[in-house]
Each structure stands twice: as C-alpha cells, then as structure tokens.
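A short worksheet on the structure shown next.
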Amino acid sequence: AQKITQTQPGMFVQEKEAVTLDCTYDTSDQSYGLFWYKQPSSGEMIFLIYQGSYDEQNATEGRYSLNFQKARKSANLVISASQLGDSAMYFCAMREGGLTGGGNKLTFGTGTQLKVEL
Amino acid sequence: EAQVTQNPRYLITVTGKKLTVTCSQNMNHEYMSWYRQDPGLGLRQIYYSMNVEVTDKGDVPEGYKVSRKEKRNFPLILESPSPNQTSLYFCASSFGQRTTEAFFGQGTRLTVV
C-alpha cells in the first residue's frame, strides 16, 4: 500500500486565489512527521512546512498552511494568494517514528504539478 | 550559510565507468541520506547514514555504495553504472532523530548511456 498518496497529478489556479493540494498518508506509528517540499523547474527541493503528529495546531509558514486531519490521515497543503512563482511540483513526505526511522527517512508521494495562471 | 552541496550538478557517463557523486554539509548534522527521483515515483531512499562509519541500505540500494569517513561528507559511488541508474539524485541531511526539517542538496542529474 502507498504510504503517501497525492491524487492530483496536476492543478491549475488563478493568481491571487488559494489552492489546496491533497495528501493522505498511511502509518501505524504514533509518532511521525509530515513535510511539504516545493520543486521548481530548476530542480532543487525547497522545504515549505512541517507538521508533527502530536502537534495540536495546524502548522503555518507565511502563505503556506497545513490542514492536518489526523483521524482522516490527511495533511493537505494550502497556499493562499497564489503567485506566478508558486508554479512548481509539490511533494508531500512522511518521516515515521521508531528507534532509527531509517535515518530520518522521508517517504515521498508522487507529487502534484501546480500551475498558476494570470 | 547552512547548506548541502552536491557535485557535479550534471553528469553524462557511459555504462560501466565508475563514478562518485560528492555530498557535503556544513551544519554538523548526524543524519545523511541519498535519494533518487524518477518520474511518477517521487523520491526513494538509496542509502543513509546516522553517523561516521554508520551506514545502511534504504529502499533501492542495488548498484550503489556509500561511505561516511567524515561527518560532513557522504559520497555516493556507482561502481558500474547502468542505464537504469539514469535519474535525478539528491543528498539530504538532518539533525538528530525525528527531525522536523531535512535539508536537500541542489540535485545531480545523471545520465548513463
């Protein structure tokens, strides 16, 4: 079974509007972390936001917020007031708990390609 | 500036010719990993290291080697590259267990012909 599922291969949004990128996850661990990364066409991986499984509040970082619904095992990324520079591939990832955790291994989804239009 | 540096950024090589992709971090991080990114598959962990001389296999280790002789460096070695190792490679580092952030290098785009 997929541990991280991103069901939207591609999304379009108009500039200045908000957009939600979906992510669901599967784990039996109680302690885990959820990450979102942005990958522009230049290829680098840019960290956006983190949510811990025990965090009671949804994480926010500037225009990014994470809509964390633990019971539904979803961790959707919300980008407010989209800008042209937000056009990129977005990856959801999970770090599971355990003693070693695979060296802080991140398990990634397949990504959502976001295109912001004028 | 805190960073993870990979070299080279781009590499085209021939089947069977040994190559090394270097990775260095300046944050004194204990944990380092190598990932490969392939279309439709996201990123998958190749190898990881939790400290000097401590390395272990990730999800897709076949055809790769690593070493961790110094804390800052974690090179990825392809002893006999094959075309199915054509991919985008990332080195990542993080501090301590259950990290809240992982820093990635700029990526190395490898083509094996």
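Residues are referred to by chain and number: the chain letter is A, B, ... according to the order shown in the structure tokens, the number counts from 1 in that chain, and ligands are numbered separately from 1 in the order shown.
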Restrict the calculation to only C-alpha atoms, then for each residue of chain A with any atom at most 12 Å from an atom of chain B give the closest atom pair and their distance in Å to one decimal, rows by chain and rising residue number, as a tab-separated table.
residue	atom	partner	partner_atom	distance
A:Gln2	CA	B:Leu41	CA	10.9
A:Lys3	CA	B:Gly42	CA	11.8
A:Ile4	CA	B:Gly42	CA	9.9
A:Thr5	CA	B:Gly42	CA	10.5
A:Gln6	CA	B:Gly42	CA	10.3
A:Thr7	CA	B:Gly40	CA	11.7
A:Gln8	CA	B:Gly40	CA	11.9
A:Pro9	CA	B:Gly40	CA	9.1
A:Ser31	CA	B:Arg98	CA	8.5
A:Tyr32	CA	B:Arg98	CA	7.5
A:Gly33	CA	B:Thr100	CA	7.0
A:Leu34	CA	B:Thr100	CA	8.5
A:Phe35	CA	B:Glu101	CA	7.9
A:Trp36	CA	B:Glu101	CA	10.0
A:Tyr37	CA	B:Ala102	CA	10.0
A:Lys38	CA	B:Phe104	CA	11.4
A:Gln39	CA	B:Gln106	CA	10.4
A:Pro40	CA	B:Gln106	CA	11.3
A:Ser41	CA	B:Gln106	CA	11.9
A:Ser42	CA	B:Gln106	CA	9.0
A:Gly43	CA	B:Gly107	CA	6.8
A:Glu44	CA	B:Gln106	CA	4.8
A:Met45	CA	B:Phe104	CA	6.1
A:Ile46	CA	B:Phe104	CA	7.6
A:Phe47	CA	B:Phe103	CA	7.4
A:Leu48	CA	B:Glu101	CA	9.4
A:Ile49	CA	B:Glu101	CA	8.5
A:Tyr50	CA	B:Thr100	CA	6.3
A:Gln51	CA	B:Thr100	CA	7.9
A:Gly52	CA	B:Thr100	CA	7.6
A:Ser53	CA	B:Arg98	CA	11.0
A:Asp55	CA	B:Thr100	CA	11.7
A:Ala59	CA	B:Thr100	CA	11.8
A:Met89	CA	B:Gly42	CA	10.5
A:Tyr90	CA	B:Gly42	CA	10.2
A:Phe91	CA	B:Gly42	CA	7.8
A:Cys92	CA	B:Gly42	CA	9.4
A:Ala93	CA	B:Leu43	CA	9.2
A:Met94	CA	B:Thr100	CA	10.5
A:Arg95	CA	B:Arg98	CA	7.3
A:Glu96	CA	B:Arg98	CA	7.8
A:Gly97	CA	B:Arg98	CA	6.6
A:Gly98	CA	B:Arg98	CA	8.7
A:Leu99	CA	B:Gln97	CA	8.1
A:Thr100	CA	B:Gln97	CA	7.2
A:Gly101	CA	B:Arg98	CA	7.6
A:Gly102	CA	B:Gly58	CA	7.1
A:Gly103	CA	B:Met50	CA	5.7
A:Asn104	CA	B:Arg98	CA	6.2
A:Lys105	CA	B:Gln45	CA	7.0
A:Leu106	CA	B:Gln45	CA	7.6
A:Thr107	CA	B:Arg44	CA	6.9
A:Phe108	CA	B:Gly42	CA	5.7
A:Gly109	CA	B:Gly42	CA	5.6
A:Thr110	CA	B:Gly42	CA	4.3
A:Gly111	CA	B:Gly42	CA	6.5
A:Thr112	CA	B:Gly42	CA	10.2
A:Gln113	CA	B:Gly40	CA	11.4
Subject >> Every residue of region 8-118 of chain A that DSSP places in strand (DSSP E or B), as JSON, numbers by chain >> reply: {"A": [10, 11, 12, 13, 14, 19, 20, 21, 24, 25, 32, 33, 34, 35, 36, 37, 38, 39, 46, 47, 48, 49, 50, 51, 52, 60, 61, 64, 65, 66, 67, 68, 69, 74, 75, 76, 77, 78, 79, 88, 89, 90, 91, 92, 93, 94, 95, 96, 106, 107, 108, 112, 113, 114, 115, 116, 117]}
Original post:
Interatomic distance between CA of Arg63 (chain A) and CA of Ser82 (chain A)?
Top reply: 8.4 Å
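CA of Met27 (chain B) is found 11.3 Å from CA of Thr5 (chain B).
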